[in-house]
$ cat my_file_19.pdb   # PDB, C-alpha atoms
MODEL        1
ATOM      1  CA  ALA A  14      46.274 -14.919   0.750
ATOM      2  CA  TRP A  15      43.147 -13.464  -0.873
ATOM      3  CA  THR A  16      44.604 -11.611  -3.802
ATOM      4  CA  LYS A  17      42.310 -11.674  -6.824
ATOM      5  CA  ILE A  18      39.200  -9.523  -7.099
ATOM      6  CA  ILE A  19      37.190 -11.275  -9.779
ATOM      7  CA  GLU A  20      33.896  -9.457  -9.832
ATOM      8  CA  ILE A  21      32.494  -6.103  -8.867
ATOM      9  CA  LEU A  22      28.993  -6.917  -7.673
ATOM     10  CA  SER A  23      27.604  -3.392  -7.270
ATOM     11  CA  GLN A  24      25.612  -1.505  -9.900
ATOM     12  CA  PHE A  25      26.604   1.905 -11.241
ATOM     13  CA  TRP A  26      24.541   4.818 -10.028
ATOM     14  CA  GLY A  27      24.351   6.344 -13.471
ATOM     15  CA  HIS A  28      21.365   4.190 -14.412
ATOM     16  CA  HIS A  29      19.051   6.637 -12.555
ATOM     17  CA  MET A  30      16.979   3.791 -11.146
ATOM     18  CA  PRO A  31      14.027   4.816  -8.955
ATOM     19  CA  GLU A  32      13.429   3.479  -5.465
ATOM     20  CA  TRP A  33       9.764   2.988  -6.309
ATOM     21  CA  PRO A  34       8.089   2.809  -9.726
ATOM     22  CA  SER A  35       6.491   6.218  -9.157
ATOM     23  CA  THR A  36       9.581   8.069  -7.942
ATOM     24  CA  PRO A  37      12.246   9.737 -10.069
ATOM     25  CA  GLY A  38      15.726   8.307 -10.214
ATOM     26  CA  ILE A  39      18.728   9.643  -8.376
ATOM     27  CA  ASN A  40      20.056  12.971  -9.594
ATOM     28  CA  VAL A  41      23.794  13.314 -10.124
ATOM     29  CA  HIS A  42      25.264  16.756 -10.685
ATOM     30  CA  VAL A  43      28.795  17.367 -11.916
ATOM     31  CA  LYS A  44      30.505  20.661 -11.230
ATOM     32  CA  LYS A  45      33.785  21.607 -12.859
ATOM     33  CA  PHE A  46      35.885  24.546 -11.789
ATOM     34  CA  HIS A  47      38.520  26.066 -14.076
ATOM     35  CA  ALA A  48      38.617  25.269 -17.748
ATOM     36  CA  LYS A  49      41.377  22.660 -17.814
ATOM     37  CA  ASP A  50      43.214  21.310 -14.779
ATOM     38  CA  GLY A  51      40.821  22.400 -12.079
ATOM     39  CA  ILE A  52      38.593  20.825  -9.488
ATOM     40  CA  TYR A  53      36.084  18.168 -10.528
ATOM     41  CA  GLN A  54      33.219  17.846  -8.071
ATOM     42  CA  THR A  55      30.160  15.580  -8.054
ATOM     43  CA  GLU A  56      27.006  16.076  -6.019
ATOM     44  CA  PHE A  57      24.045  13.745  -5.733
ATOM     45  CA  GLU A  58      20.513  13.753  -4.424
ATOM     46  CA  GLY A  59      18.746  10.556  -3.551
ATOM     47  CA  ILE A  60      17.530   8.005  -1.054
ATOM     48  CA  MET A  61      19.977   5.461   0.313
ATOM     49  CA  HIS A  62      17.860   2.596  -1.053
ATOM     50  CA  ARG A  63      18.599   3.426  -4.688
ATOM     51  CA  GLY A  64      21.404   1.578  -6.404
ATOM     52  CA  THR A  65      23.271  -1.270  -4.704
ATOM     53  CA  HIS A  66      22.799  -0.765  -0.973
ATOM     54  CA  MET A  67      22.725  -2.590   2.343
ATOM     55  CA  ASP A  68      19.620  -2.309   4.507
ATOM     56  CA  ALA A  69      20.045  -1.881   8.241
ATOM     57  CA  PRO A  70      17.856  -3.866  10.656
ATOM     58  CA  TYR A  71      16.255  -0.551  11.654
ATOM     59  CA  HIS A  72      14.813  -0.311   8.129
ATOM     60  CA  TYR A  73      12.621  -3.346   8.767
ATOM     61  CA  HIS A  74      11.340  -2.462  12.236
ATOM     62  CA  SER A  75      12.283  -0.408  15.286
ATOM     63  CA  THR A  76      13.216  -3.574  17.184
ATOM     64  CA  MET A  77      15.161  -6.740  16.431
ATOM     65  CA  ASN A  78      16.042  -9.929  18.318
ATOM     66  CA  ASN A  79      12.504 -10.007  19.711
ATOM     67  CA  GLY A  80      12.565  -6.661  21.473
ATOM     68  CA  GLN A  81      16.007  -5.036  21.360
ATOM     69  CA  ARG A  82      16.464  -1.687  19.622
ATOM     70  CA  ALA A  83      17.267  -2.343  15.986
ATOM     71  CA  ILE A  84      20.667  -1.114  14.847
ATOM     72  CA  THR A  85      21.141   1.506  12.134
ATOM     73  CA  ILE A  86      23.560   1.187   9.217
ATOM     74  CA  ASP A  87      26.429   2.891  11.070
ATOM     75  CA  GLU A  88      26.123   0.231  13.774
ATOM     76  CA  VAL A  89      26.280  -2.859  11.547
ATOM     77  CA  PRO A  90      29.164  -5.022  12.868
ATOM     78  CA  LEU A  91      32.218  -5.186  10.615
ATOM     79  CA  GLU A  92      32.415  -8.964  10.970
ATOM     80  CA  TRP A  93      29.049  -9.254   9.206
ATOM     81  CA  CYS A  94      30.497  -7.600   6.111
ATOM     82  CA  PHE A  95      33.627  -9.626   5.271
ATOM     83  CA  SER A  96      33.160 -13.378   5.138
ATOM     84  CA  ASP A  97      32.747 -16.433   2.924
ATOM     85  CA  GLY A  98      30.227 -16.092   0.127
ATOM     86  CA  VAL A  99      27.564 -18.545  -1.027
ATOM     87  CA  LYS A 100      25.441 -18.176  -4.164
ATOM     88  CA  LEU A 101      22.131 -19.878  -4.845
ATOM     89  CA  ASP A 102      21.003 -19.923  -8.477
ATOM     90  CA  LEU A 103      17.245 -19.281  -8.319
ATOM     91  CA  ARG A 104      16.739 -18.115 -11.907
ATOM     92  CA  SER A 105      14.420 -21.044 -12.634
ATOM     93  CA  TYR A 106      11.782 -19.739 -10.205
ATOM     94  CA  GLU A 107       8.993 -17.629 -11.670
ATOM     95  CA  ASP A 108       8.887 -13.898 -11.086
ATOM     96  CA  GLY A 109       6.945 -13.223  -7.906
ATOM     97  CA  TYR A 110       7.455 -16.674  -6.427
ATOM     98  CA  VAL A 111       8.187 -16.702  -2.678
ATOM     99  CA  LEU A 112      10.586 -19.449  -1.629
ATOM    100  CA  THR A 113       9.628 -21.490   1.408
ATOM    101  CA  LYS A 114      12.027 -22.860   3.999
ATOM    102  CA  LYS A 115      11.889 -26.250   2.255
ATOM    103  CA  ASP A 116      12.662 -24.672  -1.121
ATOM    104  CA  LEU A 117      15.718 -22.953   0.330
ATOM    105  CA  GLN A 118      16.927 -26.101   2.076
ATOM    106  CA  ASN A 119      16.648 -27.993  -1.216
ATOM    107  CA  GLU A 120      18.647 -25.331  -3.056
ATOM    108  CA  ILE A 121      21.416 -25.471  -0.467
ATOM    109  CA  LYS A 122      21.419 -29.254  -0.663
ATOM    110  CA  LYS A 123      21.795 -29.054  -4.458
ATOM    111  CA  ILE A 124      25.155 -27.293  -4.152
ATOM    112  CA  ASN A 125      26.361 -29.723  -1.457
ATOM    113  CA  TYR A 126      27.146 -26.979   1.025
ATOM    114  CA  GLU A 127      26.607 -26.653   4.763
ATOM    115  CA  LEU A 128      25.959 -23.127   5.968
ATOM    116  CA  LYS A 129      28.051 -21.764   8.826
ATOM    117  CA  PRO A 130      27.818 -18.602  10.947
ATOM    118  CA  LEU A 131      28.517 -15.317   9.116
ATOM    119  CA  ASP A 132      28.327 -16.821   5.618
ATOM    120  CA  ILE A 133      27.094 -14.143   3.197
ATOM    121  CA  VAL A 134      24.327 -15.688   1.094
ATOM    122  CA  PHE A 135      23.447 -14.284  -2.334
ATOM    123  CA  ILE A 136      20.408 -15.276  -4.395
ATOM    124  CA  ASN A 137      20.746 -15.024  -8.176
ATOM    125  CA  THR A 138      17.234 -14.378  -9.521
ATOM    126  CA  SER A 139      15.762 -13.705 -12.949
ATOM    127  CA  ALA A 140      16.225  -9.986 -12.236
ATOM    128  CA  GLY A 141      19.903 -10.246 -13.131
ATOM    129  CA  GLY A 142      20.600  -8.275 -16.301
ATOM    130  CA  HIS A 143      17.348  -6.280 -16.109
ATOM    131  CA  TYR A 144      18.671  -3.441 -13.962
ATOM    132  CA  GLY A 145      17.973  -0.153 -15.718
ATOM    133  CA  LYS A 146      15.203  -1.689 -17.844
ATOM    134  CA  ASP A 147      11.481  -0.994 -17.570
ATOM    135  CA  ASP A 148      10.682  -4.483 -16.261
ATOM    136  CA  PHE A 149      13.305  -4.605 -13.493
ATOM    137  CA  LEU A 150      10.883  -3.831 -10.663
ATOM    138  CA  SER A 151       8.724  -6.842 -11.556
ATOM    139  CA  LYS A 152      11.530  -9.373 -12.014
ATOM    140  CA  GLY A 153      12.804 -12.011  -9.632
ATOM    141  CA  CYS A 154      11.620 -14.273  -6.848
ATOM    142  CA  GLY A 155      11.645 -13.481  -3.137
ATOM    143  CA  ILE A 156      12.453 -15.198   0.139
ATOM    144  CA  SER A 157       9.763 -15.856   2.727
ATOM    145  CA  LYS A 158       9.982 -14.958   6.395
ATOM    146  CA  GLU A 159      10.373 -18.577   7.453
ATOM    147  CA  ALA A 160      13.100 -19.182   4.874
ATOM    148  CA  THR A 161      14.947 -16.033   5.934
ATOM    149  CA  ILE A 162      14.721 -17.044   9.589
ATOM    150  CA  TYR A 163      16.142 -20.436   8.618
ATOM    151  CA  LEU A 164      19.244 -18.673   7.241
ATOM    152  CA  LEU A 165      19.497 -16.520  10.349
ATOM    153  CA  ASP A 166      19.221 -19.587  12.581
ATOM    154  CA  GLN A 167      22.355 -20.911  10.836
ATOM    155  CA  GLY A 168      24.219 -17.768  11.863
ATOM    156  CA  VAL A 169      23.901 -15.886   8.554
ATOM    157  CA  ARG A 170      23.749 -12.121   9.143
ATOM    158  CA  VAL A 171      24.101 -10.681   5.618
ATOM    159  CA  THR A 172      22.189 -11.795   2.534
ATOM    160  CA  GLY A 173      21.859 -10.293  -0.919
ATOM    161  CA  THR A 174      19.867 -10.301  -4.139
ATOM    162  CA  ASP A 175      20.223  -8.954  -7.660
ATOM    163  CA  ALA A 176      16.532  -8.055  -7.574
ATOM    164  CA  TRP A 177      14.881  -4.834  -6.437
ATOM    165  CA  SER A 178      14.036  -6.374  -3.067
ATOM    166  CA  TRP A 179      14.827  -9.375  -0.869
ATOM    167  CA  ASP A 180      11.077  -9.928  -0.934
ATOM    168  CA  ALA A 181       9.216 -10.775  -4.116
ATOM    169  CA  PRO A 182       8.366  -7.812  -6.402
ATOM    170  CA  PHE A 183       5.721  -5.770  -4.631
ATOM    171  CA  SER A 184       3.276  -5.899  -7.538
ATOM    172  CA  TYR A 185       2.869  -9.645  -6.936
ATOM    173  CA  THR A 186       2.525  -9.175  -3.185
ATOM    174  CA  ALA A 187      -0.156  -6.532  -3.720
ATOM    175  CA  GLU A 188      -2.181  -8.917  -5.891
ATOM    176  CA  LYS A 189      -1.900 -11.681  -3.296
ATOM    177  CA  TYR A 190      -2.986  -9.297  -0.560
ATOM    178  CA  LYS A 191      -6.091  -8.336  -2.533
ATOM    179  CA  GLN A 192      -7.072 -11.995  -2.572
ATOM    180  CA  THR A 193      -6.038 -13.061   0.937
ATOM    181  CA  LYS A 194      -6.223  -9.841   2.987
ATOM    182  CA  ASP A 195      -3.293 -11.297   4.941
ATOM    183  CA  PRO A 196      -0.965  -8.471   6.072
ATOM    184  CA  SER A 197       1.746 -10.932   7.144
ATOM    185  CA  ILE A 198       2.832 -11.414   3.511
ATOM    186  CA  ILE A 199       3.812  -7.745   3.128
ATOM    187  CA  TRP A 200       7.613  -7.413   3.341
ATOM    188  CA  GLU A 201       7.723 -10.742   5.153
ATOM    189  CA  GLY A 202      11.390 -11.372   4.329
ATOM    190  CA  HIS A 203      12.288  -7.944   5.693
ATOM    191  CA  ARG A 204      10.225  -8.556   8.825
ATOM    192  CA  ALA A 205      12.346 -11.587   9.695
ATOM    193  CA  GLY A 206      14.714  -8.981  11.117
ATOM    194  CA  MET A 207      12.287  -8.483  13.986
ATOM    195  CA  VAL A 208      13.131 -12.010  15.138
ATOM    196  CA  GLN A 209      16.877 -11.822  14.476
ATOM    197  CA  GLY A 210      18.711  -8.730  13.310
ATOM    198  CA  TYR A 211      20.331  -9.007   9.895
ATOM    199  CA  SER A 212      21.149  -6.927   6.824
ATOM    200  CA  HIS A 213      20.430  -7.665   3.202
ATOM    201  CA  ILE A 214      21.933  -6.147   0.081
ATOM    202  CA  GLU A 215      19.635  -5.305  -2.816
ATOM    203  CA  LYS A 216      20.262  -4.617  -6.517
ATOM    204  CA  LEU A 217      23.479  -6.624  -6.844
ATOM    205  CA  ASN A 218      25.195  -7.276 -10.163
ATOM    206  CA  ASN A 219      27.078 -10.124 -11.909
ATOM    207  CA  LEU A 220      25.888 -12.871  -9.560
ATOM    208  CA  ASP A 221      25.627 -15.202 -12.539
ATOM    209  CA  GLN A 222      29.409 -15.055 -12.889
ATOM    210  CA  LEU A 223      30.043 -16.430  -9.393
ATOM    211  CA  PRO A 224      30.478 -20.090  -8.442
ATOM    212  CA  ASN A 225      28.241 -21.511  -5.749
ATOM    213  CA  TYR A 226      30.896 -21.007  -3.071
ATOM    214  CA  GLY A 227      34.679 -20.767  -2.649
ATOM    215  CA  PHE A 228      35.060 -16.973  -2.522
ATOM    216  CA  LYS A 229      35.232 -14.177   0.012
ATOM    217  CA  VAL A 230      32.860 -11.210   0.022
ATOM    218  CA  SER A 231      33.727  -7.665   1.019
ATOM    219  CA  ALA A 232      30.587  -5.580   1.561
ATOM    220  CA  PHE A 233      31.197  -2.671   3.907
ATOM    221  CA  PRO A 234      28.352  -0.118   3.836
ATOM    222  CA  PHE A 235      28.834   3.645   3.873
ATOM    223  CA  LYS A 236      28.446   4.796   7.490
ATOM    224  CA  ILE A 237      25.500   7.179   7.642
ATOM    225  CA  LYS A 238      24.534   8.321  11.106
ATOM    226  CA  ASN A 239      21.196   6.741  12.073
ATOM    227  CA  GLY A 240      20.802   5.597   8.459
ATOM    228  CA  SER A 241      18.284   2.990   7.354
ATOM    229  CA  ALA A 242      20.681   1.872   4.620
ATOM    230  CA  GLY A 243      24.058   2.656   3.105
ATOM    231  CA  PHE A 244      25.626   2.528  -0.321
ATOM    232  CA  VAL A 245      27.861  -0.519  -0.586
ATOM    233  CA  ARG A 246      30.515  -1.567  -3.083
ATOM    234  CA  VAL A 247      30.423  -5.339  -3.040
ATOM    235  CA  VAL A 248      33.311  -7.422  -4.386
ATOM    236  CA  ALA A 249      33.972 -11.148  -4.625
ATOM    237  CA  ILE A 250      37.559 -12.147  -3.831
ATOM    238  CA  PHE A 251      39.221 -15.414  -4.865
ATOM    239  CA  GLU A 252      42.379 -17.075  -3.644
TER     240      GLU A 252
ENDMDL
END
$ encode --input "my_file_19.pdb" --output "structure tokens"
Amino acid sequence: AWTKIIEILSQFWGHHMPEWPSTPGINVHVKKFHAKDGIYQTEFEGIMHRGTHMDAPYHYHSTMNNGQRAITIDEVPLEWCFSDGVKLDLRSYEDGYVLTKKDLQNEIKKINYELKPLDIVFINTSAGGHYGKDDFLSKGCGISKEATIYLLDQGVRVTGTDAWSWDAPFSYTAEKYKQTKDPSIIWEGHRAGMVQGYSHIEKLNNLDQLPNYGFKVSAFPFKIKNGSAGFVRVVAIFE
């Protein structure tokens, strides 16, 4: 039986983190009624992509699986969201680095693990521990389109990162685009969803405290009608 919850992997919303560097953080309003033992009510304003959240395939493109309508967050299959977890420690990679398919295969080989369908794969980047700090948006490595498709070809349907994005920090991508003028590098990890629908979780927490594998993951997103993403409370569960 899976009985021990060892780590809460979601961030708190109280950090007021922005979705983009130029946007304000989420606003949380607390309303109290009656002086002592009355109603306590909280309201919030914000975009679903702030805080720890799961992106729906529809966020990446209007189609997935090479032409089918992409699903929204309320349509993400439940079986995607509760499965065995795998963690890859990528903290040694420089900020802005984009892992190739070969890089990812080598990292999986290092932990002596063979991926299987519906494994939930987390990448632990250098962004861990920087959430809420001024440099968070520029921290961490990203996963290329070909590397993401490699995971999807193994049957993986949910991935996750402790960084701001599954792709490398956008400031690095923007600099590369100035030099190459190649539009295919923009959100390339996201765009893998056009080939095979999948969801990734961004802005995770405590990945450094997980082993490489041997745990279950529960990551059910908030069902928002036609939503591009949903808040998600992610937990690692050990036997």
$ closest_residue --input "my_file_19.pdb" --among "A:Val230, A:Ile198, A:Val99, A:Met67" --to "A:Ile86" --atoms "all atoms listed in the file"
A:Met67
$ closest_residue --input "my_file_19.pdb" --among "A:Ala249, A:Ala176, A:Ala83, A:Leu117" --to "A:Phe149" --atoms "only C-alpha atoms"
A:Ala176
$ residues_around --input "my_file_19.pdb" --residues "A:Phe233" --least-positions-apart "5" --cutoff "10 Å" --atoms "all atoms listed in the file" --output "PyMOL selection string"
chain A and resi 66-67+89-95+243-248
$ resolve_selection --input "my_file_19.pdb" --expression "the PyMOL selection byres ((chain A and resi 222) around 12)" --output "compact mmCIF listing (two decimals) with C-alpha atoms, keeping the file's coordinate frame"
# COMPACT_ATOMS: atom_id res chain seq x y z
CA ILE A 19 37.19 -11.28 -9.78
CA GLU A 20 33.90 -9.46 -9.83
CA ILE A 21 32.49 -6.10 -8.87
CA LEU A 22 28.99 -6.92 -7.67
CA LYS A 100 25.44 -18.18 -4.16
CA LEU A 101 22.13 -19.88 -4.84
CA ASP A 102 21.00 -19.92 -8.48
CA ASN A 137 20.75 -15.02 -8.18
CA GLY A 141 19.90 -10.25 -13.13
CA GLY A 142 20.60 -8.28 -16.30
CA LEU A 217 23.48 -6.62 -6.84
CA ASN A 218 25.20 -7.28 -10.16
CA ASN A 219 27.08 -10.12 -11.91
CA LEU A 220 25.89 -12.87 -9.56
CA ASP A 221 25.63 -15.20 -12.54
CA LEU A 223 30.04 -16.43 -9.39
CA PRO A 224 30.48 -20.09 -8.44
CA ASN A 225 28.24 -21.51 -5.75
CA TYR A 226 30.90 -21.01 -3.07
CA PHE A 228 35.06 -16.97 -2.52
CA ALA A 249 33.97 -11.15 -4.62
$ residues_around --input "my_file_19.pdb" --residues "A:Leu128" --least-positions-apart "3" --cutoff "8 Å" --atoms "only C-alpha atoms" --output "VMD selection string"
chain A and resid 132 167 169
$ atom_distance --input "my_file_19.pdb" --atom1 "atom CA of A:Ala181" --atom2 "atom CA of A:Tyr126"
24.7 Å
$ residues_near_point --input "my_file_19.pdb" --point "(5.4, -9.0, 4.6)" --cutoff "10 Å" --atoms "all atoms listed in the file" --output "PyMOL selection string"
chain A and resi 157-158+180-181+183+186+190+195-205
$ closest_residue --input "my_file_19.pdb" --among "A:Lys229, A:Lys122, A:Thr161, A:Leu112" --to "A:Met207" --atoms "only C-alpha atoms"
A:Thr161
$ atom_distance --input "my_file_19.pdb" --atom1 "atom CA of A:Pro130" --atom2 "atom CA of A:Ile156"
19.1 Å
$ atom_distance --input "my_file_19.pdb" --atom1 "atom CA of A:Ile136" --atom2 "atom CA of A:Thr174"
5.0 Å
$ residues_around --input "my_file_19.pdb" --residues "A:Ala69" --least-positions-apart "3" --cutoff "6 Å" --atoms "all atoms listed in the file" --output "ChimeraX atom specification"
/A:72,85-86,212,241-242
$ closest_residue --input "my_file_19.pdb" --among "A:Gly153, A:Gly80, A:Gly64, A:Gly145" --to "A:Ser105" --atoms "all atoms listed in the file"
A:Gly153
$ closest_residue --input "my_file_19.pdb" --among "A:Gly240, A:Gly168, A:Ser96, A:Lys189" --to "A:Glu127" --atoms "all atoms listed in the file"
A:Gly168
$ closest_residue --input "my_file_19.pdb" --among "A:Lys129, A:Arg82, A:Lys115, A:Lys123" --to "A:Glu159" --atoms "all atoms listed in the file"
A:Lys115
$ resolve_selection --input "my_file_19.pdb" --expression "the PyMOL selection byres ((chain A and resi 177) around 8)" --output "PyMOL selection string"
chain A and resi 140+149-150+152+174-176+178-179+182+215-216
$ decode --input "my_file_19.pdb" --residues "stretch 158-180 of chain A" --atoms "N, CA, C and O atoms" --output "tab-separated table (two decimals), in the first residue's frame"
chain	number	residue	atom	x	y	z
A	158	LYS	N	12.96	19.86	-28.41
A	158	LYS	CA	11.81	19.19	-29.01
A	158	LYS	C	12.11	17.71	-29.24
A	158	LYS	O	11.29	16.85	-28.90
A	159	GLU	N	13.28	17.43	-29.79
A	159	GLU	CA	13.61	16.03	-30.08
A	159	GLU	C	13.73	15.20	-28.81
A	159	GLU	O	13.33	14.03	-28.78
A	160	ALA	N	14.25	15.79	-27.75
A	160	ALA	CA	14.38	15.07	-26.49
A	160	ALA	C	13.01	14.84	-25.85
A	160	ALA	O	12.74	13.79	-25.28
A	161	THR	N	12.14	15.84	-25.96
A	161	THR	CA	10.78	15.69	-25.44
A	161	THR	C	10.04	14.61	-26.20
A	161	THR	O	9.35	13.76	-25.60
A	162	ILE	N	10.16	14.62	-27.52
A	162	ILE	CA	9.50	13.60	-28.34
A	162	ILE	C	10.04	12.21	-27.99
A	162	ILE	O	9.29	11.22	-27.99
A	163	TYR	N	11.31	12.12	-27.67
A	163	TYR	CA	11.88	10.83	-27.24
A	163	TYR	C	11.12	10.31	-26.01
A	163	TYR	O	10.75	9.13	-25.95
A	164	LEU	N	10.89	11.18	-25.01
A	164	LEU	CA	10.13	10.78	-23.84
A	164	LEU	C	8.72	10.34	-24.22
A	164	LEU	O	8.22	9.32	-23.73
A	165	LEU	N	8.09	11.10	-25.09
A	165	LEU	CA	6.72	10.80	-25.49
A	165	LEU	C	6.66	9.49	-26.27
A	165	LEU	O	5.68	8.74	-26.15
A	166	ASP	N	7.68	9.18	-27.03
A	166	ASP	CA	7.73	7.92	-27.77
A	166	ASP	C	7.82	6.72	-26.82
A	166	ASP	O	7.45	5.60	-27.20
A	167	GLN	N	8.32	6.96	-25.60
A	167	GLN	CA	8.37	5.88	-24.60
A	167	GLN	C	7.06	5.73	-23.85
A	167	GLN	O	6.93	4.89	-22.97
A	168	GLY	N	6.09	6.57	-24.17
A	168	GLY	CA	4.79	6.50	-23.51
A	168	GLY	C	4.61	7.48	-22.38
A	168	GLY	O	3.56	7.49	-21.71
A	169	VAL	N	5.61	8.33	-22.12
A	169	VAL	CA	5.48	9.37	-21.09
A	169	VAL	C	4.44	10.38	-21.55
A	169	VAL	O	4.43	10.79	-22.71
A	170	ARG	N	3.56	10.81	-20.63
A	170	ARG	CA	2.54	11.79	-20.98
A	170	ARG	C	2.52	13.00	-20.05
A	170	ARG	O	1.87	14.00	-20.33
A	171	VAL	N	3.24	12.91	-18.92
A	171	VAL	CA	3.38	14.05	-18.01
A	171	VAL	C	4.85	14.18	-17.63
A	171	VAL	O	5.50	13.20	-17.26
A	172	THR	N	5.37	15.40	-17.77
A	172	THR	CA	6.73	15.72	-17.34
A	172	THR	C	6.66	16.91	-16.39
A	172	THR	O	5.60	17.53	-16.23
A	173	GLY	N	7.78	17.25	-15.80
A	173	GLY	CA	7.77	18.39	-14.89
A	173	GLY	C	9.16	18.96	-14.66
A	173	GLY	O	10.17	18.28	-14.84
A	174	THR	N	9.19	20.23	-14.26
A	174	THR	CA	10.44	20.92	-13.99
A	174	THR	C	10.28	21.87	-12.81
A	174	THR	O	9.18	22.38	-12.56
A	175	ASP	N	11.38	22.12	-12.11
A	175	ASP	CA	11.35	23.11	-11.04
A	175	ASP	C	11.66	24.50	-11.58
A	175	ASP	O	11.64	25.48	-10.84
A	176	ALA	N	11.91	24.60	-12.87
A	176	ALA	CA	12.19	25.89	-13.49
A	176	ALA	C	10.91	26.59	-13.92
A	176	ALA	O	9.81	26.05	-13.81
A	177	TRP	N	11.08	27.80	-14.44
A	177	TRP	CA	9.94	28.60	-14.90
A	177	TRP	C	9.25	27.95	-16.08
A	177	TRP	O	8.05	28.08	-16.27
A	178	SER	N	10.02	27.22	-16.90
A	178	SER	CA	9.46	26.63	-18.11
A	178	SER	C	10.13	25.31	-18.43
A	178	SER	O	11.29	25.08	-18.06
A	179	TRP	N	9.41	24.42	-19.11
A	179	TRP	CA	10.00	23.18	-19.62
A	179	TRP	C	11.11	23.50	-20.62
A	179	TRP	O	12.09	22.79	-20.73
A	180	ASP	N	10.93	24.58	-21.36
A	180	ASP	CA	11.98	25.06	-22.25
A	180	ASP	C	13.01	25.85	-21.45
A	180	ASP	O	12.77	26.23	-20.30
